[in-house]
>>> print(open('upload16.pdb').read())   # PDB, C-alpha atoms
ATOM      1  CA  MET A   1      -2.357  54.119 149.956
ATOM      2  CA  SER A   2      -1.288  50.735 151.330
ATOM      3  CA  ASN A   3      -3.718  48.381 152.906
ATOM      4  CA  ILE A   4      -4.106  44.840 154.209
ATOM      5  CA  LYS A   5      -6.868  42.709 152.701
ATOM      6  CA  LEU A   6      -8.153  39.530 154.283
ATOM      7  CA  PHE A   7      -8.874  36.398 152.294
ATOM      8  CA  GLU A   8     -10.286  33.564 154.381
ATOM      9  CA  SER A   9      -8.720  35.323 157.419
ATOM     10  CA  THR A  10      -5.256  35.399 155.815
ATOM     11  CA  GLN A  11      -3.624  38.790 155.267
ATOM     12  CA  ILE A  12      -2.748  39.916 151.744
ATOM     13  CA  ARG A  13      -0.715  43.095 151.424
ATOM     14  CA  THR A  14      -2.060  45.530 148.860
ATOM     15  CA  VAL A  15      -1.383  48.998 147.541
ATOM     16  CA  TRP A  16      -3.648  51.357 145.604
ATOM     17  CA  ASN A  17      -2.127  53.055 142.561
ATOM     18  CA  GLU A  18      -3.985  56.347 142.298
ATOM     19  CA  THR A  19      -2.700  57.106 138.787
ATOM     20  CA  GLU A  20      -3.798  53.772 137.328
ATOM     21  CA  GLN A  21      -6.823  53.448 139.617
ATOM     22  CA  LYS A  22      -5.826  49.847 140.406
ATOM     23  CA  TRP A  23      -5.134  47.703 143.436
ATOM     24  CA  TYR A  24      -1.931  45.655 143.390
ATOM     25  CA  PHE A  25      -1.394  42.545 145.494
ATOM     26  CA  VAL A  26       1.833  41.027 146.841
ATOM     27  CA  VAL A  27       2.435  37.839 144.846
ATOM     28  CA  ALA A  28       3.932  35.939 147.784
ATOM     29  CA  ASP A  29       0.798  36.615 149.850
ATOM     30  CA  VAL A  30      -1.513  35.476 147.031
ATOM     31  CA  VAL A  31       0.578  32.342 146.443
ATOM     32  CA  GLN A  32       0.471  31.578 150.169
ATOM     33  CA  VAL A  33      -3.330  31.834 150.249
ATOM     34  CA  LEU A  34      -3.974  29.863 147.063
ATOM     35  CA  THR A  35      -1.415  27.068 147.375
ATOM     36  CA  GLU A  36      -0.333  27.048 151.045
ATOM     37  CA  PRO A  37       3.264  26.091 150.229
ATOM     38  CA  PRO A  38       5.727  25.688 153.113
ATOM     39  CA  ASN A  39       7.801  28.501 151.568
ATOM     40  CA  PRO A  40       6.061  30.881 149.122
ATOM     41  CA  GLY A  41       9.428  32.244 147.954
ATOM     42  CA  ASP A  42      10.590  28.799 146.828
ATOM     43  CA  TYR A  43       7.251  28.182 145.129
ATOM     44  CA  ILE A  44       7.547  31.475 143.232
ATOM     45  CA  LYS A  45      11.100  30.605 142.150
ATOM     46  CA  LYS A  46       9.804  27.314 140.711
ATOM     47  CA  MET A  47       6.984  29.166 138.913
ATOM     48  CA  ARG A  48       9.501  31.573 137.410
ATOM     49  CA  LYS A  49      11.665  28.697 136.165
ATOM     50  CA  ARG A  50       8.653  27.099 134.451
ATOM     51  CA  ASP A  51       7.363  30.324 132.872
ATOM     52  CA  GLU A  52       9.801  32.574 131.003
ATOM     53  CA  GLU A  53       7.244  35.388 130.651
ATOM     54  CA  LEU A  54       6.674  35.448 134.387
ATOM     55  CA  SER A  55      10.400  35.604 135.001
ATOM     56  CA  LYS A  56      11.073  38.526 132.637
ATOM     57  CA  GLY A  57      11.874  41.686 134.543
ATOM     58  CA  TRP A  58      11.026  40.114 137.892
ATOM     59  CA  GLY A  59      11.921  42.504 140.680
ATOM     60  CA  GLN A  60      13.331  45.146 138.340
ATOM     61  CA  ILE A  61      10.336  47.458 138.508
ATOM     62  CA  VAL A  62       9.739  47.379 142.259
ATOM     63  CA  PRO A  63      11.412  45.438 145.060
ATOM     64  CA  THR A  64       8.184  43.515 145.743
ATOM     65  CA  PHE A  65       6.241  42.217 142.755
ATOM     66  CA  TRP A  66       2.548  43.110 142.823
ATOM     67  CA  TRP A  67      -0.107  41.004 141.141
ATOM     68  CA  THR A  68      -3.166  42.688 139.672
ATOM     69  CA  PRO A  69      -6.632  41.116 139.552
ATOM     70  CA  GLN A  70      -6.149  40.982 135.770
ATOM     71  CA  ALA A  71      -3.090  38.767 136.298
ATOM     72  CA  VAL A  72      -5.108  36.426 138.518
ATOM     73  CA  SER A  73      -7.786  36.249 135.809
ATOM     74  CA  LYS A  74      -5.068  35.557 133.217
ATOM     75  CA  ASN A  75      -3.886  32.616 135.355
ATOM     76  CA  LEU A  76      -7.416  31.178 135.411
ATOM     77  CA  ILE A  77      -7.501  31.342 131.627
ATOM     78  CA  ALA A  78      -4.005  29.826 131.341
ATOM     79  CA  ILE A  79      -5.010  26.805 133.430
ATOM     80  CA  ARG A  80      -8.053  26.243 131.235
ATOM     81  CA  GLU A  81      -6.076  26.657 128.002
ATOM     82  CA  GLU A  82      -3.423  24.218 129.189
ATOM     83  CA  LEU A  83      -6.092  21.628 129.943
ATOM     84  CA  THR A  84      -7.812  22.002 126.576
ATOM     85  CA  ASP A  85      -4.422  21.783 124.835
ATOM     86  CA  GLN A  86      -3.746  18.512 126.662
ATOM     87  CA  TRP A  87      -7.152  17.170 125.605
ATOM     88  CA  LYS A  88      -6.598  18.229 121.999
ATOM     89  CA  ASN A  89      -3.197  16.479 121.955
ATOM     90  CA  ARG A  90      -4.844  13.302 123.210
ATOM     91  CA  GLY A  91      -7.614  12.980 120.663
ATOM     92  CA  VAL A  92     -10.434  15.097 122.083
ATOM     93  CA  LYS A  93     -11.641  17.091 119.092
ATOM     94  CA  ALA A  94     -15.268  18.166 119.106
ATOM     95  CA  GLN A  95     -16.460  21.159 121.136
ATOM     96  CA  ARG A  96     -19.231  18.953 122.513
ATOM     97  CA  GLU A  97     -16.589  16.609 123.952
ATOM     98  CA  TYR A  98     -14.844  19.540 125.675
ATOM     99  CA  SER A  99     -18.187  20.539 127.203
ATOM    100  CA  ILE A 100     -18.844  17.007 128.456
ATOM    101  CA  LEU A 101     -15.362  16.725 129.978
ATOM    102  CA  THR A 102     -15.778  20.109 131.668
ATOM    103  CA  ALA A 103     -19.138  18.951 133.036
ATOM    104  CA  GLU A 104     -17.463  15.805 134.421
ATOM    105  CA  ILE A 105     -14.899  17.918 136.302
ATOM    106  CA  SER A 106     -17.623  20.221 137.638
ATOM    107  CA  LYS A 107     -19.864  17.321 138.680
ATOM    108  CA  ALA A 108     -17.006  15.680 140.591
ATOM    109  CA  THR A 109     -15.986  19.011 142.146
ATOM    110  CA  PHE A 110     -19.357  20.508 143.077
ATOM    111  CA  GLY A 111     -21.865  17.701 142.552
ATOM    112  CA  LEU A 112     -23.372  19.777 139.733
ATOM    113  CA  THR A 113     -22.723  20.203 136.030
ATOM    114  CA  PRO A 114     -22.163  23.804 134.889
ATOM    115  CA  SER A 115     -25.731  24.031 133.537
ATOM    116  CA  GLU A 116     -27.132  22.721 136.842
ATOM    117  CA  TYR A 117     -24.897  25.127 138.771
ATOM    118  CA  LYS A 118     -26.131  28.054 136.639
ATOM    119  CA  LYS A 119     -29.719  27.127 137.526
ATOM    120  CA  VAL A 120     -28.872  27.005 141.239
ATOM    121  CA  LYS A 121     -27.372  30.503 140.937
ATOM    122  CA  GLY A 122     -30.316  31.755 138.868
ATOM    123  CA  LEU A 123     -28.187  32.485 135.806
ATOM    124  CA  LYS A 124     -29.419  32.333 132.245
ATOM    125  CA  SER A 125     -26.881  33.438 129.636
ATOM    126  CA  GLN A 126     -24.276  34.857 132.039
ATOM    127  CA  ASN A 127     -20.857  33.271 132.492
ATOM    128  CA  LEU A 128     -20.875  30.986 135.536
ATOM    129  CA  ARG A 129     -17.288  31.829 136.539
ATOM    130  CA  ASP A 130     -18.160  35.532 136.649
ATOM    131  CA  HIS A 131     -20.662  34.667 139.390
ATOM    132  CA  MET A 132     -18.483  32.359 141.491
ATOM    133  CA  ASN A 133     -17.005  33.387 144.806
ATOM    134  CA  ASP A 134     -13.277  33.081 145.499
ATOM    135  CA  LEU A 135     -13.444  29.544 146.834
ATOM    136  CA  GLU A 136     -15.631  28.320 143.970
ATOM    137  CA  LEU A 137     -13.095  29.703 141.505
ATOM    138  CA  ILE A 138     -10.222  28.113 143.414
ATOM    139  CA  PHE A 139     -11.954  24.720 143.465
ATOM    140  CA  SER A 140     -12.711  25.049 139.737
ATOM    141  CA  MET A 141      -9.040  25.821 139.092
ATOM    142  CA  LEU A 142      -7.975  22.919 141.304
ATOM    143  CA  GLY A 143     -10.241  20.525 139.391
ATOM    144  CA  GLU A 144      -8.861  21.644 136.033
ATOM    145  CA  ALA A 145      -5.231  21.788 137.182
ATOM    146  CA  SER A 146      -5.557  18.345 138.810
ATOM    147  CA  THR A 147      -7.069  16.930 135.628
ATOM    148  CA  THR A 148      -4.177  18.375 133.622
ATOM    149  CA  ALA A 149      -1.636  16.821 136.005
ATOM    150  CA  ILE A 150      -3.326  13.417 135.816
ATOM    151  CA  VAL A 151      -3.605  13.634 132.006
ATOM    152  CA  ARG A 152       0.146  14.185 131.835
ATOM    153  CA  THR A 153       0.948  11.145 133.966
ATOM    154  CA  GLN A 154      -1.710   8.714 132.690
ATOM    155  CA  ASN A 155      -1.577   9.858 129.039
ATOM    156  CA  PRO A 156      -5.184   8.955 128.195
ATOM    157  CA  LYS A 157      -6.134   8.609 124.534
ATOM    158  CA  GLY A 158      -9.474   9.666 123.091
ATOM    159  CA  PHE A 159     -12.645  10.925 124.662
ATOM    160  CA  VAL A 160     -13.586   7.928 126.849
ATOM    161  CA  GLU A 161     -10.199   7.688 128.604
ATOM    162  CA  ASN A 162     -10.077  11.471 129.093
ATOM    163  CA  GLN A 163     -13.576  11.355 130.573
ATOM    164  CA  LYS A 164     -12.340   8.976 133.299
ATOM    165  CA  VAL A 165      -9.412  11.305 134.038
ATOM    166  CA  ALA A 166     -11.720  14.350 134.147
ATOM    167  CA  ARG A 167     -13.724  12.613 136.884
ATOM    168  CA  GLN A 168     -10.502  11.859 138.781
ATOM    169  CA  GLY A 169      -9.263  15.454 138.570
ATOM    170  CA  GLY A 170     -12.638  16.809 139.624
ATOM    171  CA  ALA A 171     -12.688  14.347 142.525
ATOM    172  CA  VAL A 172      -9.447  15.870 143.863
ATOM    173  CA  ALA A 173     -11.134  19.289 144.012
ATOM    174  CA  GLY A 174     -14.381  17.788 145.298
ATOM    175  CA  LYS A 175     -12.563  16.125 148.168
ATOM    176  CA  ALA A 176     -10.810  19.403 149.052
ATOM    177  CA  ARG A 177     -14.133  21.288 148.915
ATOM    178  CA  LYS A 178     -15.873  18.751 151.148
ATOM    179  CA  ASP A 179     -12.950  18.750 153.566
ATOM    180  CA  LEU A 180     -13.118  22.531 153.883
ATOM    181  CA  LYS A 181     -16.890  22.444 154.458
ATOM    182  CA  GLN A 182     -16.435  19.818 157.152
ATOM    183  CA  ARG A 183     -13.727  21.878 158.889
ATOM    184  CA  GLN A 184     -16.039  24.890 158.755
ATOM    185  CA  GLY A 185     -18.831  22.832 160.287
ATOM    186  CA  LYS A 186     -21.024  23.191 157.187
ATOM    187  CA  LYS A 187     -23.006  20.509 155.398
TER     188      LYS A 187
END
>>> encode(input="upload16.pdb", output="structure tokens")
Amino acid sequence: MSNIKLFESTQIRTVWNETEQKWYFVVADVVQVLTEPPNPGDYIKKMRKRDEELSKGWGQIVPTFWWTPQAVSKNLIAIREELTDQWKNRGVKAQREYSILTAEISKATFGLTPSEYKKVKGLKSQNLRDHMNDLELIFSMLGEASTTAIVRTQNPKGFVENQKVARQGGAVAGKARKDLKQRQGKK
């Protein structure tokens, strides 16, 4: 069964695999929604050049590559792992420091630290990301990916310098979030 799903009023082509009991999504449609590139095909080609695993077997199984929700989740994890690797390589060592830097990104993105955000959502021990909507996840990813990009260019050393960069990366996502709210007429 094929179907069209809407994400923020943008169409994403899907197909249900009855045998596997899974939905599959067209990668180009997902890329278009998440990154809004001028040409999703060119963007995907660049992704494939950067990631050998992603490029393996591309297009050999089916003419159109489908992306499962598990693959989207894997990408969220990959962004986070890349950021923590960058921090580790630049002198951030203690788990407490990682938590503080993550809180800085969240505060700049949403105006709330993760613990404050959990309270707003009425969560106790549950994972905050498991209770975020699509846009909240996207803004979280944008904050972390932006921080990673800035870390690479500014090459901060130690916790204090990385803390400044975490605020900058979170501010990129915060600005995008506020801009969207304004365009939606929300406060």
>>> atom_distance(input="upload16.pdb", atom1="atom CA of Leu180 of chain A", atom2="atom CA of Lys119 of chain A")
23.8 Å
>>> residues_near_point(input="upload16.pdb", point="(-13.2, 15.8, 138.4)", cutoff="12 Å", atoms="only C-alpha atoms", output="PyMOL selection string")
chain A and resi 100-113+139-151+162-177
>>> atom_distance(input="upload16.pdb", atom1="atom CA of Pro40 of chain A", atom2="atom CA of Val26 of chain A")
11.2 Å
>>> atom_distance(input="upload16.pdb", atom1="atom CA of Val33 of chain A", atom2="atom CA of Gln11 of chain A")
8.6 Å
>>> residues_around(input="upload16.pdb", residues="Asp130 of chain A", least_positions_apart="5", cutoff="12 Å", atoms="only C-alpha atoms", output="PyMOL selection string")
chain A and resi 73+76+118+121+123+125+136-137
>>> closest_residue(input="upload16.pdb", among="A:Tyr43, A:Gln182, A:Glu53, A:Arg80", to="Val30 of chain A", atoms="only C-alpha atoms")
A:Tyr43
>>> axis_aligned_box(input="upload16.pdb", around="segment 82-85 of chain A", padding_each_side="6 Å", output="lines of an AutoDock Vina configuration file")
center_x = -5.6
center_y = 22.9
center_z = 127.4
size_x = 16.4
size_y = 14.6
size_z = 17.1
>>> closest_residue(input="upload16.pdb", among="A:Leu128, A:Val27, A:Val160, A:Leu135", to="Lys178 of chain A", atoms="only C-alpha atoms")
A:Leu135
